[in-house]
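Remarks on the structure that follows.
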Amino acid sequence: MSTDVFGKTVLLIDDDQRFRMLISTALEQKGYRVIKAASGREGALEVKSTIPDLVIIDGQLPDMQGQDWITSLRRFVIKTPVLFVSGYCRDTVSYCHLTKDLGVAAVLHKPVLPAVLCDEVDRVLGVLREESQLGADSLFFDDDMEALSLEYASELPVKVREIGAVVSELRHRPNDQALLGAGKICAHKIHGTAGIYGFPKLGAQAGVIEDCLGRLTPGEILECGPLWRELEQALSLAEIYADQAAVDGQDRVGSDGQAQEVGHTHVLPSGRTGRPTVLIVDDDADFTRKVSVVLGYEGMVVHAFTESHFILEVLDRLEPELLLLDANMPDTDGFELCRKIRQSGRWYSLPIVFVTARVGWEDRVKAFESGADDYIAKPVINEELIARVKTRIERARLLQDLAERDQLNNLLFKCLLVKTAQPIESEWVVTRIA
């Protein structure tokens, strides 16, 4: 693996200026040259002038879908690796299409921590760094990250109230598709980016707003039905969280005007290198977003899916170290899915943890009978989730290390027997002849 990143070019295509600034800063501090584009058209023009070593692209661009852009890229440049980053595409069908048909190197879900994304870029491009760099954001760009976070927090109340103004105007102009689209874009940006800066609750409510605007029709707007009330409730919560984020941002600045030191992420100690990969299968997108942020700040790479089609293929591609599984999903029974995974052979030792609102003793028994290793009841306490996930992963890593050592010891023992058996057998034969 090469240790030299200088000269390697990354093309970052995302219409969210804050996201581009945050990720490009992190990559540039690690030595990459970053070209930024705000739309699919801009990205295509950049590719024509300079073929990048890697492309990072959002799933939903202003002028096209990220998948369509990758399809066009493959007609022009076959081998350029692509990282697909999106707040959506949480279904296994899209994941398999991206990785299998379009050759995407990795699919990451927003919010994604800069350190996690940088690790994925290093991995795909074959860049080898010191092990300590995998466990925490590099110290030399923490100040830049914190400054960007504080600036973003101060602007959040204005951004959320802009969405509120659009929603209010929709009451008077319910058929204005351009206005509706503008509201969806604003909500989409906060949805995908707020969690990166440490405001996951706001990001989740922005996701609700975006979803509601996507489902609204003129009739529903005029009737002010349940969907409209859901939208207004999410907007009200978003305003509260945005105001709180701005206040918290000011509290994080010391009396000298400098940002106070923030904590770093830590990776589990083990012989296995790299960040632990966790797979979540749960149809509650709000829950998976929260878990992704909580575990992400613990140094883990989290992949979340809202359904279980092609789950075995997804497991083979992601090779996770732990699976978080819901018991009750629209497309499948979680217990049956757990049995299916255990019966596949390859994943008989994968740690599987049920996280579900079904807390009766019958369901707990079903979980363990289906092959689960642990069971966590919703609502989940962050500290409990972190502790259980870390414990299961660390235990699995230790067992894997022991198994590999046993295999090596057995092999050495067999080699020793083969080497010493021949002289003994020859001496015994000579003795019998004599």
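Labels for the structure tokens follow display order: chains A, B, ..., residues from 1 in each chain, ligands from 1.
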Excluding A:Arg41 and residues on its chain fewer than 5 positions from it, collect all residues at most 9 Å away from it, counting only C-alpha atoms, and give them as a compact mmCIF listing (two decimals) with C-alpha atoms, in the first residue's frame.
# COMPACT_ATOMS: atom_id res chain seq x y z
CA GLU A 46 -14.26 18.78 -13.98
CA ASP A 63 -29.79 18.80 -11.46
CA MET A 64 -29.72 14.98 -11.32
CA TRP A 69 -24.15 10.77 -12.73
Can you tell me, as a PyMOL selection string, what residues are no more than 10 Å from A:Val380 when counting only C-alpha atoms, ignoring any on the same chain fewer than 5 positions away?
-> chain A and resi 287+291+355-357+385
If you run DSSP over the backbone, which residues in stretch 11-101 of chain A end up strand (DSSP E or B)? Put them as a list of chain:residue names.
->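 Across stretch 11-101 of chain A, those assigned strand (DSSP E or B) are A:Leu11, A:Leu12, A:Ile13, A:Arg33, A:Val34, A:Ile35, A:Lys36, A:Ala37, A:Leu54, A:Val55, A:Ile56, A:Ile57, A:Asp58, A:Gln60, A:Gln65, A:Val82, A:Leu83, A:Phe84, A:Val85, A:Ser86.
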Residues from the last selection, N, CA and C atoms, saved as a tab-separated table (two decimals), in the first residue's frame:
chain	number	residue	atom	x	y	z
A	11	LEU	N	-12.46	14.42	-6.30
A	11	LEU	CA	-13.54	15.28	-6.78
A	11	LEU	C	-14.73	15.12	-5.85
A	12	LEU	N	-15.14	16.20	-5.20
A	12	LEU	CA	-16.24	16.20	-4.24
A	12	LEU	C	-17.44	16.91	-4.86
A	13	ILE	N	-18.53	16.16	-5.10
A	13	ILE	CA	-19.73	16.73	-5.74
A	13	ILE	C	-20.86	16.71	-4.74
A	33	ARG	N	-5.57	16.64	-2.79
A	33	ARG	CA	-6.01	17.79	-3.56
A	33	ARG	C	-7.49	17.60	-3.86
A	34	VAL	N	-8.31	18.57	-3.47
A	34	VAL	CA	-9.76	18.43	-3.57
A	34	VAL	C	-10.32	19.42	-4.58
A	35	ILE	N	-11.09	18.89	-5.53
A	35	ILE	CA	-11.84	19.72	-6.48
A	35	ILE	C	-13.29	19.66	-6.08
A	36	LYS	N	-13.93	20.81	-5.91
A	36	LYS	CA	-15.31	20.87	-5.42
A	36	LYS	C	-16.27	21.25	-6.55
A	37	ALA	N	-17.42	20.58	-6.55
A	37	ALA	CA	-18.47	20.88	-7.54
A	37	ALA	C	-19.82	20.86	-6.82
A	54	LEU	N	-10.34	9.76	-7.27
A	54	LEU	CA	-11.52	9.27	-6.56
A	54	LEU	C	-12.60	10.34	-6.62
A	55	VAL	N	-13.87	9.90	-6.65
A	55	VAL	CA	-15.01	10.81	-6.66
A	55	VAL	C	-15.86	10.55	-5.41
A	56	ILE	N	-16.23	11.62	-4.73
A	56	ILE	CA	-17.22	11.56	-3.64
A	56	ILE	C	-18.45	12.30	-4.14
A	57	ILE	N	-19.59	11.64	-4.16
A	57	ILE	CA	-20.79	12.25	-4.74
A	57	ILE	C	-22.01	12.04	-3.86
A	58	ASP	N	-22.81	13.09	-3.74
A	58	ASP	CA	-24.07	13.01	-3.00
A	58	ASP	C	-25.12	12.28	-3.84
A	60	GLN	N	-28.30	12.96	-4.10
A	60	GLN	CA	-29.34	13.83	-4.65
A	60	GLN	C	-28.75	15.20	-4.96
A	65	GLN	N	-29.82	12.85	-10.22
A	65	GLN	CA	-29.55	11.89	-9.15
A	65	GLN	C	-28.09	11.44	-9.22
A	82	VAL	N	-15.50	5.41	-6.72
A	82	VAL	CA	-16.53	6.37	-6.30
A	82	VAL	C	-16.99	6.04	-4.89
A	83	LEU	N	-17.10	7.07	-4.04
A	83	LEU	CA	-17.75	6.96	-2.74
A	83	LEU	C	-19.10	7.65	-2.85
A	84	PHE	N	-20.15	6.92	-2.56
A	84	PHE	CA	-21.52	7.44	-2.67
A	84	PHE	C	-21.97	7.82	-1.26
A	85	VAL	N	-22.30	9.10	-1.04
A	85	VAL	CA	-22.69	9.60	0.28
A	85	VAL	C	-24.08	10.19	0.18
A	86	SER	N	-25.02	9.69	1.00
A	86	SER	CA	-26.40	10.15	0.87
A	86	SER	C	-27.15	9.95	2.17
Nearest-residue call for A:Arg123, choices A:Val77, A:Asp68, A:Ile209, A:Arg275, using only C-alpha atoms = A:Arg275
Can you pull out every residue within 10 Å of A:Ile240, counting only C-alpha atoms, but drop anything in the same chain fewer than 5 positions away, and send it as a list in words?
->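 The residues that qualify are Pro157, Val160, Leu202, Ala234, Leu235 and Ala245 of chain A.
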Would you work out the distance separating atom CA of A:Lys390 from atom CA of A:Cys89, expressed in Å to one decimal?
->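 One can read the atom CA of A:Lys390 to atom CA of A:Cys89 distance as 26.6 Å.
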Please identify all polymer residues within 8 Å of stretch 101-112 of chain A, counting only C-alpha atoms, omitting same-chain residues fewer than 5 positions from it, and present them as a list in words.
->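 Final neighbour list, sorted by chain and number: Ile70, Thr71, Arg74, Pro81, Val82, Leu83, Phe84, Val85, Ser86, Gly87, Tyr88, Arg90, Tyr95, Cys96, Leu117, Glu120, Val124, Gly192, Thr193, Ala194, Gly195, Ile196, Arg289, Ser292, Val293, Gly296, Val302, His303 and Ala304 of chain A.
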Could you write out the selected residues, including C-alpha atoms, as a PDB file, in the first residue's frame?
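What landed in selection.pdb:
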ATOM      1  CA  ILE A  70     -22.157   7.643 -11.855  1.00  0.00           C
ATOM      2  CA  THR A  71     -23.765   5.808 -14.778  1.00  0.00           C
ATOM      3  CA  ARG A  74     -18.768   4.754 -16.184  1.00  0.00           C
ATOM      4  CA  PRO A  81     -13.412   4.669  -7.669  1.00  0.00           C
ATOM      5  CA  VAL A  82     -16.525   6.370  -6.304  1.00  0.00           C
ATOM      6  CA  LEU A  83     -17.751   6.959  -2.744  1.00  0.00           C
ATOM      7  CA  PHE A  84     -21.520   7.440  -2.666  1.00  0.00           C
ATOM      8  CA  VAL A  85     -22.689   9.599   0.281  1.00  0.00           C
ATOM      9  CA  SER A  86     -26.396  10.154   0.870  1.00  0.00           C
ATOM     10  CA  GLY A  87     -29.048  10.597   3.513  1.00  0.00           C
ATOM     11  CA  TYR A  88     -31.179   8.159   1.554  1.00  0.00           C
ATOM     12  CA  ARG A  90     -31.064   2.918   2.762  1.00  0.00           C
ATOM     13  CA  TYR A  95     -26.986  -0.617  -2.331  1.00  0.00           C
ATOM     14  CA  CYS A  96     -26.455  -3.734  -4.455  1.00  0.00           C
ATOM     15  CA  LEU A 117     -15.002   9.523   5.325  1.00  0.00           C
ATOM     16  CA  GLU A 120     -12.694   5.362   3.565  1.00  0.00           C
ATOM     17  CA  VAL A 124     -10.026   2.857  -1.324  1.00  0.00           C
ATOM     18  CA  GLY A 192     -27.711  15.717   5.656  1.00  0.00           C
ATOM     19  CA  THR A 193     -25.308  18.080   7.400  1.00  0.00           C
ATOM     20  CA  ALA A 194     -26.553  19.020  10.885  1.00  0.00           C
ATOM     21  CA  GLY A 195     -25.555  15.681  12.378  1.00  0.00           C
ATOM     22  CA  ILE A 196     -21.971  16.067  11.163  1.00  0.00           C
ATOM     23  CA  ARG A 289     -29.898   8.187  11.988  1.00  0.00           C
ATOM     24  CA  SER A 292     -25.385   6.185  13.190  1.00  0.00           C
ATOM     25  CA  VAL A 293     -24.357   9.402  14.905  1.00  0.00           C
ATOM     26  CA  GLY A 296     -20.038   7.148  14.559  1.00  0.00           C
ATOM     27  CA  VAL A 302     -22.311   2.476  10.382  1.00  0.00           C
ATOM     28  CA  HIS A 303     -24.396   1.252   7.432  1.00  0.00           C
ATOM     29  CA  ALA A 304     -28.170   1.436   7.877  1.00  0.00           C
TER      30      ALA A 304
END
Nearest residue to A:Ala44 from the set A:Leu323, A:Leu73, A:Ala372, A:Leu398 (distances using only C-alpha atoms) |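 Result for the nearest residue to A:Ala44: A:Leu73.
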Leaving out A:Phe368 and any residue of its chain fewer than 2 positions from it, which residues lie within 10 Å of it when counting only C-alpha atoms, given as a VMD selection string?
-> chain A and resid 335 338 352 to 354 363 to 366 370 to 375
Using only C-alpha atoms, the best pick from A:Pro62, A:Val278, A:Ser24, A:Tyr197 as closest to A:Ala182 would be A:Pro62
Quick one: pick out all alpha helix (DSSP H) residues within stretch 195-369 of chain A from a backbone DSSP run and write them as a PyMOL selection string.
-> chain A and resi 200-215+218-223+226-251+285-296+311-318+334-343+361-369
